[in-house]
>>> print(open('upload-v5.cif').read())   # mmCIF, C-alpha atoms
data_entry
#
loop_
_atom_site.label_atom_id
_atom_site.label_comp_id
_atom_site.auth_asym_id
_atom_site.auth_seq_id
_atom_site.Cartn_x
_atom_site.Cartn_y
_atom_site.Cartn_z
CA MET A 1 101.31 87.64 72.77
CA MET A 2 102.57 84.56 71.05
CA GLY A 3 101.16 81.24 72.07
CA LEU A 4 98.13 82.67 73.82
CA PRO A 5 94.74 81.26 72.86
CA ASN A 6 92.22 83.70 71.39
CA CYS A 7 88.73 84.51 72.73
CA ARG A 8 87.04 82.07 70.39
CA GLU A 9 89.11 79.23 71.84
CA VAL A 10 88.84 80.38 75.45
CA ALA A 11 85.05 80.78 75.25
CA LEU A 12 84.71 77.16 74.15
CA LEU A 13 86.97 76.01 76.99
CA LEU A 14 84.91 77.94 79.55
CA SER A 15 81.71 76.33 78.32
CA ARG A 16 83.29 72.86 78.26
CA GLU A 17 84.30 73.22 81.88
CA HIS A 18 80.62 73.07 82.78
CA ASP A 19 80.09 69.80 80.92
CA GLN A 20 83.21 67.71 81.35
CA PRO A 21 82.92 65.04 84.04
CA THR A 22 85.99 66.38 85.82
CA ARG A 23 86.79 70.06 85.51
CA PRO A 24 90.10 70.21 83.64
CA ARG A 25 92.96 72.26 85.06
CA ARG A 26 93.39 75.51 83.16
CA THR A 27 96.68 75.86 81.35
CA LEU A 28 98.86 78.88 82.01
CA PRO A 29 98.15 80.51 78.62
CA VAL A 30 94.41 80.26 79.33
CA ARG A 31 94.83 81.73 82.80
CA ILE A 32 96.86 84.61 81.40
CA HIS A 33 94.25 85.25 78.72
CA LEU A 34 91.51 85.41 81.35
CA LEU A 35 93.57 87.78 83.48
CA ILE A 36 94.00 90.32 80.74
CA CYS A 37 90.96 89.90 78.49
CA LYS A 38 88.16 92.38 79.16
CA ALA A 39 85.64 90.32 77.19
CA CYS A 40 86.27 86.79 78.35
CA ARG A 41 86.29 87.66 82.04
CA PRO A 42 82.72 88.99 82.02
CA TYR A 43 81.78 86.02 79.85
CA GLU A 44 83.13 83.64 82.47
CA ARG A 45 81.05 85.41 85.14
CA GLN A 46 77.97 85.34 82.92
CA LEU A 47 78.27 81.58 82.50
CA ASP A 48 78.59 81.12 86.26
CA TRP A 49 75.61 83.39 86.89
CA LEU A 50 73.50 81.51 84.35
CA GLN A 51 74.53 78.19 85.84
CA HIS A 52 73.56 79.33 89.30
CA THR A 53 70.22 80.72 88.13
CA LEU A 54 69.39 77.62 86.08
CA ARG A 55 70.02 75.52 89.15
CA ARG A 56 67.70 77.71 91.21
CA LEU A 57 65.00 77.19 88.59
CA GLN A 58 65.17 73.51 89.46
CA ASP A 59 64.39 74.16 93.14
CA THR A 60 61.02 73.17 94.49
CA GLN A 61 60.02 76.84 94.82
CA SER A 62 60.47 77.48 91.14
CA PRO A 63 57.79 78.09 88.50
CA THR A 64 59.09 75.10 86.59
CA THR A 65 58.07 72.25 88.85
CA LEU A 66 54.95 70.09 88.80
CA GLU A 67 52.18 71.39 91.04
CA ALA A 68 51.08 69.12 93.86
CA ALA A 69 47.60 68.66 92.38
CA ALA A 70 48.99 67.61 89.00
CA ARG A 71 51.45 65.29 90.67
CA GLU A 72 48.66 63.59 92.61
CA ARG A 73 46.52 63.26 89.52
CA ILE A 74 49.31 61.64 87.55
CA GLN A 75 50.21 59.42 90.47
CA ALA A 76 46.64 58.13 90.79
CA ARG A 77 46.53 57.36 87.09
CA LEU A 78 49.86 55.51 87.23
CA ARG A 79 48.79 53.48 90.25
CA GLN A 80 45.59 52.51 88.48
CA GLU A 81 47.53 51.37 85.43
CA ARG A 82 50.10 49.46 87.43
CA ASP A 83 47.50 47.64 89.51
CA ARG A 84 45.44 46.83 86.45
CA GLN A 85 48.42 45.13 84.81
CA ARG A 86 49.38 43.24 87.93
CA SER A 87 45.96 41.82 88.64
CA MET B 1 66.01 48.78 91.42
CA ASP B 2 62.45 47.82 90.49
CA LEU B 3 60.81 49.55 87.61
CA ASP B 4 58.00 51.50 89.17
CA PRO B 5 56.06 54.34 87.51
CA GLU B 6 55.36 56.06 90.82
CA ARG B 7 59.04 56.19 91.64
CA TRP B 8 59.73 57.55 88.15
CA LEU B 9 57.27 60.34 88.87
CA THR B 10 59.02 61.14 92.16
CA GLU B 11 62.54 61.02 90.77
CA HIS B 12 62.11 62.29 87.22
CA GLY B 13 58.72 64.05 87.19
CA ASP B 14 60.07 67.59 87.47
CA ALA B 15 62.82 66.98 84.94
CA LEU B 16 60.26 65.67 82.44
CA PHE B 17 57.80 68.44 83.22
CA ARG B 18 60.40 71.15 82.67
CA PHE B 19 61.36 69.67 79.32
CA ALA B 20 57.72 69.46 78.23
CA LEU B 21 56.92 72.94 79.56
CA LEU B 22 59.71 74.51 77.54
CA ARG B 23 58.61 72.72 74.41
CA THR B 24 54.89 73.52 74.69
CA SER B 25 54.71 76.68 76.87
CA ARG B 26 51.53 75.30 78.47
CA ARG B 27 51.43 73.81 81.94
CA ASP B 28 48.30 71.72 81.31
CA ILE B 29 49.71 70.21 78.13
CA ALA B 30 53.07 69.60 79.77
CA GLU B 31 51.34 67.79 82.67
CA ASP B 32 49.43 65.59 80.23
CA LEU B 33 52.63 64.81 78.34
CA VAL B 34 54.37 63.75 81.54
CA GLN B 35 51.50 61.42 82.34
CA GLU B 36 51.41 59.96 78.83
CA THR B 37 55.16 59.48 78.90
CA LEU B 38 55.14 57.58 82.18
CA LEU B 39 52.21 55.44 81.06
CA ALA B 40 53.93 54.62 77.78
CA ALA B 41 57.17 53.87 79.62
CA TRP B 42 55.33 51.52 81.98
CA ARG B 43 53.70 49.68 79.10
CA SER B 44 56.99 49.27 77.27
CA ARG B 45 59.12 48.62 80.36
CA ASP B 46 60.36 45.31 78.95
CA GLY B 47 62.31 47.29 76.39
CA PHE B 48 64.30 49.19 79.02
CA ARG B 49 67.92 48.16 79.29
CA ARG B 50 68.83 47.81 82.94
CA ASP B 51 72.25 49.34 82.43
CA ALA B 52 70.89 52.45 80.70
CA SER B 53 69.91 55.71 82.38
CA GLU B 54 66.24 55.82 83.33
CA ARG B 55 65.99 59.56 82.89
CA THR B 56 67.47 59.46 79.39
CA TRP B 57 65.07 56.67 78.44
CA LEU B 58 62.10 58.65 79.79
CA VAL B 59 63.14 61.93 78.12
CA GLY B 60 63.51 60.00 74.86
CA ILE B 61 59.92 58.79 75.15
CA LEU B 62 58.80 62.31 76.05
CA LYS B 63 60.48 63.73 72.95
CA ASN B 64 58.41 61.36 70.81
CA LYS B 65 55.24 62.33 72.67
CA ILE B 66 55.96 66.00 72.02
CA ARG B 67 56.48 65.28 68.34
CA ASP B 68 53.18 63.38 68.22
CA HIS B 69 51.47 66.25 70.00
CA TYR B 70 52.57 68.77 67.39
CA ARG B 71 51.82 66.40 64.56
CA ASP B 72 48.28 65.89 65.85
CA GLN B 73 47.87 69.62 65.95
CA GLY B 74 48.97 69.82 62.36
CA LYS B 75 51.83 72.09 63.33
CA GLN B 76 55.22 71.23 62.06
CA GLU B 77 56.72 73.50 64.69
CA ASN B 78 58.54 75.47 62.01
CA LEU B 79 60.68 72.43 61.58
CA ALA B 80 61.86 73.46 58.14
CA THR B 81 63.19 76.83 59.26
CA ARG B 82 64.77 75.36 62.36
CA VAL B 83 66.65 72.71 60.44
CA ALA B 84 67.84 75.25 57.92
CA GLU B 85 68.95 77.53 60.70
CA ASP B 86 70.99 74.84 62.36
CA ASP B 87 73.58 74.09 59.72
CA GLY B 88 76.61 73.14 61.78
CA GLN B 89 79.32 75.14 63.43
CA ASP B 90 79.53 78.08 61.11
CA ASP B 91 77.46 80.29 63.37
CA LEU B 92 80.45 80.76 65.67
CA ASP B 93 81.50 83.44 63.16
CA ARG B 94 78.48 85.34 64.33
CA TRP B 95 80.14 85.93 67.70
CA PHE B 96 83.85 86.00 66.81
CA ASP B 97 85.74 87.86 64.08
CA GLU B 98 88.52 86.48 61.83
CA THR B 99 91.13 87.04 64.52
CA GLY B 100 89.08 85.16 67.12
CA HIS B 101 88.00 88.23 69.08
CA TRP B 102 84.48 88.83 70.33
CA ARG B 103 82.50 90.91 67.86
CA VAL B 104 80.45 92.33 70.73
CA ARG B 105 82.00 92.26 74.16
CA PRO B 106 79.87 90.51 76.82
CA ALA B 107 78.60 93.06 79.35
CA ARG B 108 78.99 93.04 83.11
CA TRP B 109 75.75 91.70 84.53
CA GLY B 110 76.55 92.16 88.19
CA SER B 111 76.64 89.12 90.38
CA ASP B 112 73.57 89.64 92.54
CA PRO B 113 71.32 86.59 92.66
CA LEU B 114 67.73 87.19 91.61
CA THR B 115 64.99 87.59 94.19
CA GLN B 116 62.21 85.02 94.14
CA VAL B 117 59.93 87.50 92.36
CA GLU B 118 62.58 88.36 89.80
CA LEU B 119 63.12 84.68 89.16
CA GLU B 120 59.54 84.37 87.90
CA GLY B 121 60.06 87.20 85.41
CA PHE B 122 63.46 85.93 84.40
CA TRP B 123 61.95 82.53 83.67
CA LEU B 124 59.61 84.10 81.10
CA VAL B 125 62.51 85.82 79.33
CA LEU B 126 64.67 82.71 79.48
CA SER B 127 61.99 80.42 78.09
CA GLU B 128 61.56 82.71 75.09
CA CYS B 129 65.32 82.66 74.56
CA ILE B 130 65.36 78.86 74.73
CA ASP B 131 62.40 78.64 72.39
CA ALA B 132 64.30 80.65 69.78
CA LEU B 133 67.15 78.12 69.65
CA PRO B 134 67.46 75.74 66.69
CA GLU B 135 65.90 72.39 67.55
CA ARG B 136 68.95 70.33 68.49
CA LEU B 137 70.54 73.13 70.45
CA ARG B 138 67.28 73.61 72.29
CA ASP B 139 66.83 69.93 73.15
CA GLY B 140 70.43 69.62 74.27
CA PHE B 141 70.32 72.77 76.36
CA ILE B 142 67.05 71.89 78.10
CA ALA B 143 68.14 68.31 78.77
CA ARG B 144 71.47 69.38 80.19
CA GLU B 145 70.60 72.58 82.05
CA LEU B 146 67.02 72.12 83.19
CA SER B 147 66.32 68.41 83.17
CA ALA B 148 69.75 67.85 84.74
CA LEU B 149 70.93 65.03 82.52
CA THR B 150 74.66 64.36 82.69
CA SER B 151 76.73 65.13 79.58
CA ARG B 152 76.95 61.42 78.89
CA GLU B 153 73.17 61.07 79.09
CA VAL B 154 72.61 63.98 76.69
CA CYS B 155 75.04 62.37 74.23
CA GLU B 156 72.97 59.21 74.48
CA LEU B 157 69.72 61.13 74.03
CA LEU B 158 70.88 63.07 70.96
CA LYS B 159 73.13 60.26 69.69
CA ILE B 160 76.21 62.46 69.37
CA SER B 161 79.80 62.29 70.58
CA ASP B 162 81.26 64.13 73.61
CA ASN B 163 83.01 66.66 71.45
CA ASN B 164 79.91 67.37 69.41
CA LEU B 165 78.00 67.89 72.62
CA TYR B 166 80.53 70.38 74.00
CA VAL B 167 80.32 72.45 70.84
CA LEU B 168 76.53 72.18 70.67
CA LEU B 169 76.09 73.41 74.25
CA HIS B 170 78.68 76.12 73.69
CA ARG B 171 76.71 77.40 70.70
CA ALA B 172 73.48 77.25 72.71
CA ARG B 173 75.01 79.21 75.59
CA LEU B 174 76.35 81.91 73.28
CA ARG B 175 72.83 82.47 71.96
CA ILE B 176 71.18 82.27 75.37
CA ARG B 177 73.75 84.65 76.84
CA GLU B 178 73.10 87.28 74.19
CA CYS B 179 69.34 86.86 74.37
CA VAL B 180 69.27 87.15 78.16
CA GLU B 181 71.55 90.17 78.05
CA ASN B 182 69.21 91.97 75.65
CA GLY B 183 65.94 90.70 77.06
CA TRP B 184 66.69 90.98 80.76
CA PHE B 185 69.78 92.94 81.72
CA LYS B 186 69.27 95.79 79.27
CA LYS B 187 65.59 96.08 80.17
CA GLU B 188 65.41 97.33 83.71
CA ASP B 189 61.61 97.47 83.61
CA HIS B 190 61.51 93.69 83.83
CA ARG B 191 63.15 93.91 87.17
CA SER B 192 61.27 94.80 90.31
#
>>> encode(input="upload-v5.cif", output="structure tokens")
Amino acid sequence: MMGLPNCREVALLLSREHDQPTRPRRTLPVRIHLLICKACRPYERQLDWLQHTLRRLQDTQSPTTLEAAARERIQARLRQERDRQRS
Amino acid sequence: MDLDPERWLTEHGDALFRFALLRTSRRDIAEDLVQETLLAAWRSRDGFRRDASERTWLVGILKNKIRDHYRDQGKQENLATRVAEDDGQDDLDRWFDETGHWRVRPARWGSDPLTQVELEGFWLVLSECIDALPERLRDGFIARELSALTSREVCELLKISDNNLYVLLHRARLRIRECVENGWFKKEDHRS
């Protein structure tokens, strides 16, 4: 197994793929590691699942968005402040 | 583009709210913090650099508002323990042994997406997991994954380099992954 990266290195690479502006091409040693490693493969899927779920939590239907009433309240307050400063 | 607090609310309101919600666990307080943040931003709009990211600027103001909020409450937010906990990169040894192998192998979670009802329950588990992160990991993770800042914007917000950010988010994900596995996937009763 010489030259192959270990799990510690591969796990960092997998995480980085989610943050780098352009997804880097995986090198052959990394691809081989992921083919044969029974720990890193599930980890890769877990990261994808988390990513997908975190994105869904940003949908409008999610429990993490501003409610319409709160949004209107804040909007009214902002408008008041803006108009006050302009006049 | 004109600086306009109503447009900020439309474009960045949810991102700010999510950040505040995760830091305070209270919707009403988070709503107030969003309002205070946008008001403060409007009043200090002359200080905004046109070439900078609006969202990063607003989240930066929000972070200060959250700190003020806890200070007013006389809570230091366990700051001392959190800082002590977050002492650099050494915690990677928690997950990997001397040979670089996983100490505990990540489990198979299945790939089914959550139903809408499950998503509500999952959110509760996830927010506890995020809350347990050391402060900088938590801020970075929320900004990147829930307030949808780009990597560059999170670097700007936390004043760290690209490489530091990659490692910081990696460490956050390792903790979140483990916490979600134990708190959600191994507890079927959460799931409907």
>>> closest_atom_pairs(input="upload-v5.cif", of="chain B", to="chain A", cutoff="6 Å", atoms="all atoms listed in the file", output="CSV")
residue,atom,partner,partner_atom,distance
B:Asp14,CA,A:Thr65,CA,5.3
B:Arg18,CA,A:Thr64,CA,5.7
B:Gln35,CA,A:Ile74,CA,5.7
B:Gly100,CA,A:Arg8,CA,4.9
B:His101,CA,A:Cys7,CA,5.3
B:Arg105,CA,A:Ala39,CA,5.1
B:Pro106,CA,A:Tyr43,CA,5.7
B:Arg108,CA,A:Pro42,CA,5.6
B:Ser151,CA,A:Asp19,CA,5.9
B:Tyr166,CA,A:Arg16,CA,5.6
B:His170,CA,A:Ser15,CA,5.5
>>> write_last_selection(input="upload-v5.cif", atoms="C-alpha atoms", output="PDB file, keeping the file's coordinate frame")
ATOM      1  CA  ASP B  14      60.070  67.590  87.470  1.00  0.00           C
ATOM      2  CA  ARG B  18      60.400  71.150  82.670  1.00  0.00           C
ATOM      3  CA  GLN B  35      51.500  61.420  82.340  1.00  0.00           C
ATOM      4  CA  GLY B 100      89.080  85.160  67.120  1.00  0.00           C
ATOM      5  CA  HIS B 101      88.000  88.230  69.080  1.00  0.00           C
ATOM      6  CA  ARG B 105      82.000  92.260  74.160  1.00  0.00           C
ATOM      7  CA  PRO B 106      79.870  90.510  76.820  1.00  0.00           C
ATOM      8  CA  ARG B 108      78.990  93.040  83.110  1.00  0.00           C
ATOM      9  CA  SER B 151      76.730  65.130  79.580  1.00  0.00           C
ATOM     10  CA  TYR B 166      80.530  70.380  74.000  1.00  0.00           C
ATOM     11  CA  HIS B 170      78.680  76.120  73.690  1.00  0.00           C
TER      12      HIS B 170
END
>>> resolve_selection(input="upload-v5.cif", expression="the PyMOL selection byres ((chain B and resi 24) around 12)", output="number ranges by chain")
B: 17-23, 25-34, 62-63, 65-67, 69-70, 73, 75, 77, 127-128, 130-131
>>> residues_around(input="upload-v5.cif", residues="Leu4 of chain A", least_positions_apart="4", cutoff="10 Å", atoms="only C-alpha atoms", output="number ranges by chain")
A: 9-10, 28-33
>>> atom_distance(input="upload-v5.cif", atom1="atom CA of Arg171 of chain B", atom2="atom CA of Leu157 of chain B")
18.0 Å
>>> atom_distance(input="upload-v5.cif", atom1="atom CA of Leu39 of chain B", atom2="atom CA of Ser147 of chain B")
19.3 Å
>>> atom_distance(input="upload-v5.cif", atom1="atom CA of Trp109 of chain B", atom2="atom CA of Glu181 of chain B")
7.9 Å
>>> residues_around(input="upload-v5.cif", residues="Thr56 of chain B", least_positions_apart="3", cutoff="12 Å", atoms="all atoms listed in the file", output="PyMOL selection string")
chain B and resi 8+12+15-16+19+41+48-49+51-53+59-63+140+143-144+147-159
>>> write_last_selection(input="upload-v5.cif", atoms="C-alpha atoms", output="PDB file, keeping the file's coordinate frame")
ATOM      1  CA  TRP B   8      59.730  57.550  88.150  1.00  0.00           C
ATOM      2  CA  HIS B  12      62.110  62.290  87.220  1.00  0.00           C
ATOM      3  CA  ALA B  15      62.820  66.980  84.940  1.00  0.00           C
ATOM      4  CA  LEU B  16      60.260  65.670  82.440  1.00  0.00           C
ATOM      5  CA  PHE B  19      61.360  69.670  79.320  1.00  0.00           C
ATOM      6  CA  ALA B  41      57.170  53.870  79.620  1.00  0.00           C
ATOM      7  CA  PHE B  48      64.300  49.190  79.020  1.00  0.00           C
ATOM      8  CA  ARG B  49      67.920  48.160  79.290  1.00  0.00           C
ATOM      9  CA  ASP B  51      72.250  49.340  82.430  1.00  0.00           C
ATOM     10  CA  ALA B  52      70.890  52.450  80.700  1.00  0.00           C
ATOM     11  CA  SER B  53      69.910  55.710  82.380  1.00  0.00           C
ATOM     12  CA  VAL B  59      63.140  61.930  78.120  1.00  0.00           C
ATOM     13  CA  GLY B  60      63.510  60.000  74.860  1.00  0.00           C
ATOM     14  CA  ILE B  61      59.920  58.790  75.150  1.00  0.00           C
ATOM     15  CA  LEU B  62      58.800  62.310  76.050  1.00  0.00           C
ATOM     16  CA  LYS B  63      60.480  63.730  72.950  1.00  0.00           C
ATOM     17  CA  GLY B 140      70.430  69.620  74.270  1.00  0.00           C
ATOM     18  CA  ALA B 143      68.140  68.310  78.770  1.00  0.00           C
ATOM     19  CA  ARG B 144      71.470  69.380  80.190  1.00  0.00           C
ATOM     20  CA  SER B 147      66.320  68.410  83.170  1.00  0.00           C
ATOM     21  CA  ALA B 148      69.750  67.850  84.740  1.00  0.00           C
ATOM     22  CA  LEU B 149      70.930  65.030  82.520  1.00  0.00           C
ATOM     23  CA  THR B 150      74.660  64.360  82.690  1.00  0.00           C
ATOM     24  CA  SER B 151      76.730  65.130  79.580  1.00  0.00           C
ATOM     25  CA  ARG B 152      76.950  61.420  78.890  1.00  0.00           C
ATOM     26  CA  GLU B 153      73.170  61.070  79.090  1.00  0.00           C
ATOM     27  CA  VAL B 154      72.610  63.980  76.690  1.00  0.00           C
ATOM     28  CA  CYS B 155      75.040  62.370  74.230  1.00  0.00           C
ATOM     29  CA  GLU B 156      72.970  59.210  74.480  1.00  0.00           C
ATOM     30  CA  LEU B 157      69.720  61.130  74.030  1.00  0.00           C
ATOM     31  CA  LEU B 158      70.880  63.070  70.960  1.00  0.00           C
ATOM     32  CA  LYS B 159      73.130  60.260  69.690  1.00  0.00           C
TER      33      LYS B 159
END
>>> closest_residue(input="upload-v5.cif", among="A:Asp83, A:Arg26, A:Gly3, A:Ile36", to="Glu6 of chain B", atoms="all atoms listed in the file")
A:Asp83
>>> residues_around(input="upload-v5.cif", residues="Arg50 of chain B", least_positions_apart="3", cutoff="10 Å", atoms="only C-alpha atoms", output="list in words")
Met1, Asp2, Leu3, Asp46, Gly47, Ser53 and Glu54 of chain B
>>> closest_residue(input="upload-v5.cif", among="B:Leu9, B:Leu146, B:Ala107, B:Leu137", to="Lys186 of chain B", atoms="all atoms listed in the file")
B:Ala107
